[in-house]
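Okay, coords09.pdb is below, PDB, C-alpha atoms and all ligand atoms:
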ATOM      1  CA  MET Q  21       2.923 -14.517  16.036  1.00  0.00           C
ATOM      2  CA  SER Q  22      -0.168 -16.045  17.503  1.00  0.00           C
ATOM      3  CA  SER Q  23      -2.463 -18.064  15.336  1.00  0.00           C
ATOM      4  CA  PRO Q  24      -6.024 -16.927  14.752  1.00  0.00           C
ATOM      5  CA  SER Q  25      -8.844 -18.814  16.410  1.00  0.00           C
ATOM      6  CA  ASP Q  26     -12.593 -18.719  16.373  1.00  0.00           C
ATOM      7  CA  SER Q  27     -13.849 -16.495  19.178  1.00  0.00           C
ATOM      8  CA  PRO Q  28     -17.296 -16.685  20.752  1.00  0.00           C
ATOM      9  CA  ALA Q  29     -17.344 -12.847  20.753  1.00  0.00           C
ATOM     10  CA  ALA Q  30     -16.506 -12.591  17.077  1.00  0.00           C
ATOM     11  CA  ALA Q  31     -18.939 -11.800  14.315  1.00  0.00           C
ATOM     12  CA  PRO Q  32     -20.278 -15.018  12.816  1.00  0.00           C
ATOM     13  CA  GLY Q  33     -17.504 -16.812  10.971  1.00  0.00           C
ATOM     14  CA  ARG Q  34     -14.900 -14.122  11.632  1.00  0.00           C
ATOM     15  CA  LEU Q  35     -11.393 -15.159  12.662  1.00  0.00           C
ATOM     16  CA  VAL Q  36     -10.011 -13.248  15.630  1.00  0.00           C
ATOM     17  CA  PRO Q  37      -6.360 -13.304  16.729  1.00  0.00           C
ATOM     18  CA  GLU Q  38      -5.181 -14.153  20.243  1.00  0.00           C
ATOM     19  CA  THR Q  39      -4.528 -10.632  21.543  1.00  0.00           C
ATOM     20  CA  HIS Q  40      -3.150 -11.421  25.012  1.00  0.00           C
ATOM     21  CA  ASP Q  41       0.013 -13.203  23.883  1.00  0.00           C
ATOM     22  CA  HIS Q  42       3.135 -12.076  25.785  1.00  0.00           C
ATOM     23  CA  ASP Q  43       5.186 -11.399  22.667  1.00  0.00           C
ATOM     24  CA  THR Q  44       2.519 -10.005  20.302  1.00  0.00           C
ATOM     25  CA  GLY Q  45      -0.052  -8.445  22.651  1.00  0.00           C
ATOM     26  CA  GLY Q  46       1.435  -4.952  22.280  1.00  0.00           C
ATOM     27  CA  PHE Q  47       0.767  -5.029  18.543  1.00  0.00           C
ATOM     28  CA  PHE Q  48      -2.940  -5.706  19.103  1.00  0.00           C
ATOM     29  CA  ALA Q  49      -3.172  -3.248  22.025  1.00  0.00           C
ATOM     30  CA  ALA Q  50      -1.867  -0.529  19.699  1.00  0.00           C
ATOM     31  CA  ALA Q  51      -4.232  -1.604  16.913  1.00  0.00           C
ATOM     32  CA  ALA Q  52      -7.173  -1.339  19.338  1.00  0.00           C
ATOM     33  CA  ARG Q  53      -6.159   2.354  19.749  1.00  0.00           C
ATOM     34  CA  GLU Q  54      -5.902   2.610  15.938  1.00  0.00           C
ATOM     35  CA  GLU Q  55      -2.133   2.885  16.140  1.00  0.00           C
ATOM     36  CA  LEU Q  56       0.451   0.804  14.341  1.00  0.00           C
ATOM     37  CA  ALA Q  57       3.351  -0.410  16.497  1.00  0.00           C
ATOM     38  CA  VAL Q  58       6.461  -2.511  16.009  1.00  0.00           C
ATOM     39  CA  CYS Q  59       8.364  -4.351  18.712  1.00  0.00           C
ATOM     40  CA  ALA Q  60      11.849  -2.973  19.335  1.00  0.00           C
ATOM     41  CA  CYS Q  61      14.768  -3.710  21.633  1.00  0.00           C
ATOM     42  CA  ALA Q  62      14.730  -1.296  24.588  1.00  0.00           C
ATOM     43  CA  ALA Q  63      18.544  -1.358  24.767  1.00  0.00           C
ATOM     44  CA  CYS Q  64      19.660  -0.831  21.160  1.00  0.00           C
ATOM     45  CA  GLY Q  65      16.463   0.046  19.271  1.00  0.00           C
ATOM     46  CA  ASN Q  66      16.684  -2.868  16.829  1.00  0.00           C
ATOM     47  CA  VAL Q  67      13.223  -3.682  15.457  1.00  0.00           C
ATOM     48  CA  LEU Q  68      12.197  -7.225  16.389  1.00  0.00           C
ATOM     49  CA  HIS Q  69       9.893  -8.411  13.650  1.00  0.00           C
ATOM     50  CA  PRO Q  70       8.062 -10.677  14.047  1.00  0.00           C
ATOM     51  CA  PRO Q  71       7.855  -9.611  17.718  1.00  0.00           C
ATOM     52  CA  ARG Q  72       9.985 -11.628  20.120  1.00  0.00           C
ATOM     53  CA  ALA Q  73      11.505 -11.313  23.563  1.00  0.00           C
ATOM     54  CA  TYR Q  74      15.189 -11.577  22.614  1.00  0.00           C
ATOM     55  CA  CYS Q  75      17.251  -9.113  20.558  1.00  0.00           C
ATOM     56  CA  SER Q  76      19.528 -10.866  18.087  1.00  0.00           C
ATOM     57  CA  ALA Q  77      21.552  -7.642  17.609  1.00  0.00           C
ATOM     58  CA  CYS Q  78      22.651  -6.991  21.214  1.00  0.00           C
ATOM     59  CA  GLY Q  79      21.363  -9.951  23.237  1.00  0.00           C
ATOM     60  CA  GLY Q  80      18.975  -7.782  25.245  1.00  0.00           C
ATOM     61  CA  TRP Q  81      15.804  -9.165  26.791  1.00  0.00           C
ATOM     62  CA  ASP Q  82      13.892  -5.891  27.306  1.00  0.00           C
ATOM     63  CA  THR Q  83      11.498  -4.912  24.562  1.00  0.00           C
ATOM     64  CA  THR Q  84       9.251  -1.951  23.907  1.00  0.00           C
ATOM     65  CA  TRP Q  85       6.547  -1.017  21.419  1.00  0.00           C
ATOM     66  CA  ARG Q  86       7.323   1.805  19.013  1.00  0.00           C
ATOM     67  CA  THR Q  87       4.451   3.568  17.277  1.00  0.00           C
ATOM     68  CA  VAL Q  88       5.066   4.028  13.562  1.00  0.00           C
ATOM     69  CA  GLY Q  89       3.219   5.884  10.835  1.00  0.00           C
ATOM     70  CA  GLY Q  90       0.547   4.172   8.811  1.00  0.00           C
ATOM     71  CA  ARG Q  91       2.124   4.581   5.407  1.00  0.00           C
ATOM     72  CA  ALA Q  92       3.757   1.824   3.425  1.00  0.00           C
ATOM     73  CA  SER Q  93       4.557   0.701  -0.084  1.00  0.00           C
ATOM     74  CA  LEU Q  94       3.196  -2.406  -1.735  1.00  0.00           C
ATOM     75  CA  TYR Q  95       5.926  -5.051  -1.747  1.00  0.00           C
ATOM     76  CA  SER Q  96       4.001  -8.031  -3.126  1.00  0.00           C
ATOM     77  CA  TRP Q  97       0.528  -9.552  -3.382  1.00  0.00           C
ATOM     78  CA  THR Q  98      -1.395 -12.625  -4.441  1.00  0.00           C
ATOM     79  CA  THR Q  99      -5.039 -13.103  -5.329  1.00  0.00           C
ATOM     80  CA  VAL Q 100      -6.759 -16.161  -3.854  1.00  0.00           C
ATOM     81  CA  GLU Q 101      -9.292 -17.814  -6.151  1.00  0.00           C
ATOM     82  CA  HIS Q 102     -10.033 -21.052  -4.229  1.00  0.00           C
ATOM     83  CA  GLN Q 103     -11.901 -20.642  -0.947  1.00  0.00           C
ATOM     84  CA  VAL Q 104     -10.256 -22.300   2.051  1.00  0.00           C
ATOM     85  CA  HIS Q 105     -12.329 -20.791   4.906  1.00  0.00           C
ATOM     86  CA  ARG Q 106     -15.870 -19.436   5.166  1.00  0.00           C
ATOM     87  CA  ALA Q 107     -14.568 -16.156   6.643  1.00  0.00           C
ATOM     88  CA  PHE Q 108     -12.755 -15.346   3.410  1.00  0.00           C
ATOM     89  CA  PRO Q 109     -15.024 -15.522   0.369  1.00  0.00           C
ATOM     90  CA  VAL Q 110     -13.117 -15.529  -2.904  1.00  0.00           C
ATOM     91  CA  PRO Q 111     -11.722 -13.765  -4.708  1.00  0.00           C
ATOM     92  CA  TYR Q 112      -9.571 -11.810  -2.268  1.00  0.00           C
ATOM     93  CA  THR Q 113      -6.065 -10.427  -2.363  1.00  0.00           C
ATOM     94  CA  ILE Q 114      -3.365 -10.755   0.290  1.00  0.00           C
ATOM     95  CA  VAL Q 115      -0.954  -7.833   0.255  1.00  0.00           C
ATOM     96  CA  LEU Q 116       2.527  -7.595   1.714  1.00  0.00           C
ATOM     97  CA  VAL Q 117       3.547  -4.007   2.462  1.00  0.00           C
ATOM     98  CA  GLU Q 118       6.817  -2.455   3.598  1.00  0.00           C
ATOM     99  CA  LEU Q 119       6.525   0.246   6.255  1.00  0.00           C
ATOM    100  CA  GLU Q 120       7.659   3.733   5.239  1.00  0.00           C
ATOM    101  CA  ASP Q 121       8.962   4.418   8.777  1.00  0.00           C
ATOM    102  CA  GLU Q 122      10.777   1.063   9.056  1.00  0.00           C
ATOM    103  CA  PRO Q 123      12.258  -0.031   5.720  1.00  0.00           C
ATOM    104  CA  GLY Q 124      12.593  -3.799   5.582  1.00  0.00           C
ATOM    105  CA  ILE Q 125       9.705  -4.379   7.995  1.00  0.00           C
ATOM    106  CA  ARG Q 126       6.741  -5.936   6.189  1.00  0.00           C
ATOM    107  CA  LEU Q 127       3.170  -6.627   7.246  1.00  0.00           C
ATOM    108  CA  VAL Q 128       0.340  -8.473   5.540  1.00  0.00           C
ATOM    109  CA  GLY Q 129      -3.207  -7.375   4.879  1.00  0.00           C
ATOM    110  CA  TYR Q 130      -6.410  -8.399   3.156  1.00  0.00           C
ATOM    111  CA  LEU Q 131      -8.222  -6.712   0.276  1.00  0.00           C
ATOM    112  CA  PRO Q 132     -11.509  -8.047  -1.095  1.00  0.00           C
ATOM    113  CA  GLY Q 133     -11.706  -8.887  -4.785  1.00  0.00           C
ATOM    114  CA  ARG Q 134      -9.039  -8.464  -7.440  1.00  0.00           C
ATOM    115  CA  PRO Q 135      -7.881  -4.841  -7.012  1.00  0.00           C
ATOM    116  CA  GLU Q 136      -5.627  -3.172  -9.576  1.00  0.00           C
ATOM    117  CA  LEU Q 137      -2.236  -3.069  -7.840  1.00  0.00           C
ATOM    118  CA  THR Q 138       1.265  -2.008  -8.833  1.00  0.00           C
ATOM    119  CA  ALA Q 139       4.494  -2.945  -7.056  1.00  0.00           C
ATOM    120  CA  GLY Q 140       5.736  -0.029  -4.966  1.00  0.00           C
ATOM    121  CA  MET Q 141       2.416   1.816  -4.921  1.00  0.00           C
ATOM    122  CA  PRO Q 142       1.636   3.793  -1.749  1.00  0.00           C
ATOM    123  CA  MET Q 143      -0.571   2.042   0.804  1.00  0.00           C
ATOM    124  CA  ARG Q 144      -2.203   3.336   3.969  1.00  0.00           C
ATOM    125  CA  VAL Q 145      -3.259   1.465   7.100  1.00  0.00           C
ATOM    126  CA  TRP Q 146      -6.806   1.303   8.422  1.00  0.00           C
ATOM    127  CA  PHE Q 147      -8.065  -0.640  11.425  1.00  0.00           C
ATOM    128  CA  GLU Q 148     -10.740  -3.262  10.871  1.00  0.00           C
ATOM    129  CA  PRO Q 149     -12.947  -4.037  13.899  1.00  0.00           C
ATOM    130  CA  VAL Q 150     -13.241  -7.820  14.209  1.00  0.00           C
ATOM    131  CA  ASP Q 151     -15.213  -8.329  17.427  1.00  0.00           C
ATOM    132  CA  GLU Q 152     -17.312  -6.549  20.034  1.00  0.00           C
ATOM    133  CA  ASP Q 153     -14.360  -6.322  22.462  1.00  0.00           C
ATOM    134  CA  GLY Q 154     -12.482  -3.648  20.519  1.00  0.00           C
ATOM    135  CA  THR Q 155     -10.080  -5.973  18.723  1.00  0.00           C
ATOM    136  CA  ARG Q 156      -8.923  -4.392  15.485  1.00  0.00           C
ATOM    137  CA  LEU Q 157      -6.664  -5.677  12.745  1.00  0.00           C
ATOM    138  CA  PRO Q 158      -4.407  -3.369  10.754  1.00  0.00           C
ATOM    139  CA  GLN Q 159      -5.362  -3.635   7.092  1.00  0.00           C
ATOM    140  CA  TRP Q 160      -3.913  -1.905   4.041  1.00  0.00           C
ATOM    141  CA  ALA Q 161      -5.528  -0.059   1.174  1.00  0.00           C
ATOM    142  CA  PRO Q 162      -4.108   1.870  -1.778  1.00  0.00           C
ATOM    143  CA  ASP Q 163      -3.291   5.442  -0.687  1.00  0.00           C
ATOM    144  CA  GLU Q 164      -4.534   8.111  -3.083  1.00  0.00           C
ATOM    145  CA  ARG Q 165      -2.117  10.758  -1.747  1.00  0.00           C
TER     146      ARG Q 165
HETATM  147 ZN    ZN L   1      19.135  -4.900  21.084  1.00  0.00          ZN
END

Step by step, read the file and then write its structure as structure tokens.
Amino acid sequence: MSSPSDSPAAAPGRLVPETHDHDTGGFFAAAAREELAVCACAACGNVLHPPRAYCSACGGWDTTWRTVGGRASLYSWTTVEHQVHRAFPVPYTIVLVELEDEPGIRLVGYLPGRPELTAGMPMRVWFEPVDEDGTRLPQWAPDER
């Protein structure tokens, strides 16, 4: 996974990921279309998460991006009370969700404040715009379904 960096196109103080990385670019290309995608082996279908070029299940080197639904369950979370970067005023909560379409595959997200959360609760993706170039980050919010 690429590390975030300050971008001259970003909103003031906002962290923007490197979206043109060979291994992770497909994730951000899908997010820009407001789709959620996981990297998978083109030969055997094994999900490669975090995204990578080599399949540990079959040894294949061809990968593809598989669009998945935007529903998940809350796996874990932590609330941050001590500010470490100006882009993230405290308090905020980092959530770890498990995808409904791909059990075992987990993604992180950001929620402002100290939301009331329960392990296993339904979560739904939304796509946060983070710059003027169309970069979006998948984020997760409680799903009131
Ligand atoms: Zn494979």

List as a short mmCIF file (atom, residue, chain, number, x, y, z; two decimals) with C-alpha atoms, in the frame of the given file: which residues have an atom within 12 Å of (0.4, -13.5, 23.6), counting all atoms listed in the file?
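Writing the result to result-v4.cif gives the following:
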data_model
loop_
_atom_site.label_atom_id
_atom_site.label_comp_id
_atom_site.auth_asym_id
_atom_site.auth_seq_id
_atom_site.Cartn_x
_atom_site.Cartn_y
_atom_site.Cartn_z
CA MET Q 21 2.92 -14.52 16.04
CA SER Q 22 -0.17 -16.05 17.50
CA SER Q 23 -2.46 -18.06 15.34
CA PRO Q 24 -6.02 -16.93 14.75
CA PRO Q 37 -6.36 -13.30 16.73
CA GLU Q 38 -5.18 -14.15 20.24
CA THR Q 39 -4.53 -10.63 21.54
CA HIS Q 40 -3.15 -11.42 25.01
CA ASP Q 41 0.01 -13.20 23.88
CA HIS Q 42 3.14 -12.08 25.78
CA ASP Q 43 5.19 -11.40 22.67
CA THR Q 44 2.52 -10.01 20.30
CA GLY Q 45 -0.05 -8.44 22.65
CA GLY Q 46 1.44 -4.95 22.28
CA PHE Q 47 0.77 -5.03 18.54
CA PHE Q 48 -2.94 -5.71 19.10
CA ALA Q 49 -3.17 -3.25 22.02
CA PRO Q 71 7.86 -9.61 17.72
CA ARG Q 72 9.98 -11.63 20.12
CA ALA Q 73 11.50 -11.31 23.56
#

Give me, please, the distance in Å between CA of Tyr130 (chain Q) and CA of Val58 (chain Q), quoted to one decimal.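 Answer for the CA of Tyr130 (chain Q) to CA of Val58 (chain Q) separation: 19.1 Å.
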
For CA of Val100 (chain Q) and CA of Leu116 (chain Q), determine how far apart the two atoms are, in Å to one decimal place.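 A separation of 13.8 Å between them.
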
Answer key for the PyMOL selection byres (((chain Q and resi 157-160) around 6) and not hetatm), residues as a VMD selection string: chain Q and resid 129 144 to 148 156 161

How far is it from CA of Val36 (chain Q) to CA of Arg126 (chain Q), in Å with one decimal?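 Between these atoms lies a distance of 20.6 Å.
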
Using the chain letters and numbers from this file, what does the PyMOL selection byres (((not hetatm)) within 12 of (chain L and resi 1)) select? Give the answer as number ranges by chain. Q: 59-68, 72-84

Picked residues, the PyMOL selection byres (((chain Q and resi 107) around 8) and not hetatm), as a list in words: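 Applied to this file, the PyMOL selection byres (((chain Q and resi 107) around 8) and not hetatm) selects Gly33, Arg34, Leu35, His105, Arg106, Phe108 and Pro109 of chain Q.
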
For a quick check of understanding, using all atoms listed in the file, which of Q:Pro70, Q:Pro111, Q:Pro149, Q:Gly124 has the smallest distance to Leu94 (chain Q)? Q:Gly124

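Among the candidates Q:Val110, Q:Val115, Q:Val88, Q:Ala57, the one nearest to Met143 (chain Q) when counting only C-alpha atoms is Q:Val115.
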
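Between Tyr95 (chain Q) and the candidates Q:Gly154, Q:Pro162, Q:Pro135, Q:Gly140, the tightest atom-to-atom separation, counting only C-alpha atoms, involves Q:Gly140.
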
Pick the closest to Leu127 (chain Q) from Q:Arg165, Q:Arg53, Q:Arg91, Q:Thr155: which is it, counting all atoms listed in the file? Q:Arg91

Output as lines of an AutoDock Vina configuration file the centre and edge lengths (Å, one decimal) of the box along x, y and z of the file that holds every listed atom of region 88-101 of chain Q after adding 8 Å on each side.
center_x = -1.7
center_y = -6.0
center_z = 3.7
size_x = 31.2
size_y = 39.7
size_z = 35.7

When distances are computed from only C-alpha atoms, which of Q:His69, Q:Glu152, Q:Glu54, Q:Gly90 shows the smallest separation from Asp121 (chain Q)?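 Residue with the minimum atom-to-atom distance to Asp121 (chain Q): Q:Gly90.
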
Between Q:Thr113, Q:Glu120, Q:Asp163, Q:Thr98, which has the minimum distance to Leu56 (chain Q) (counting all atoms listed in the file)?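 The shortest atom-to-atom distance to Leu56 (chain Q) comes from Q:Glu120.
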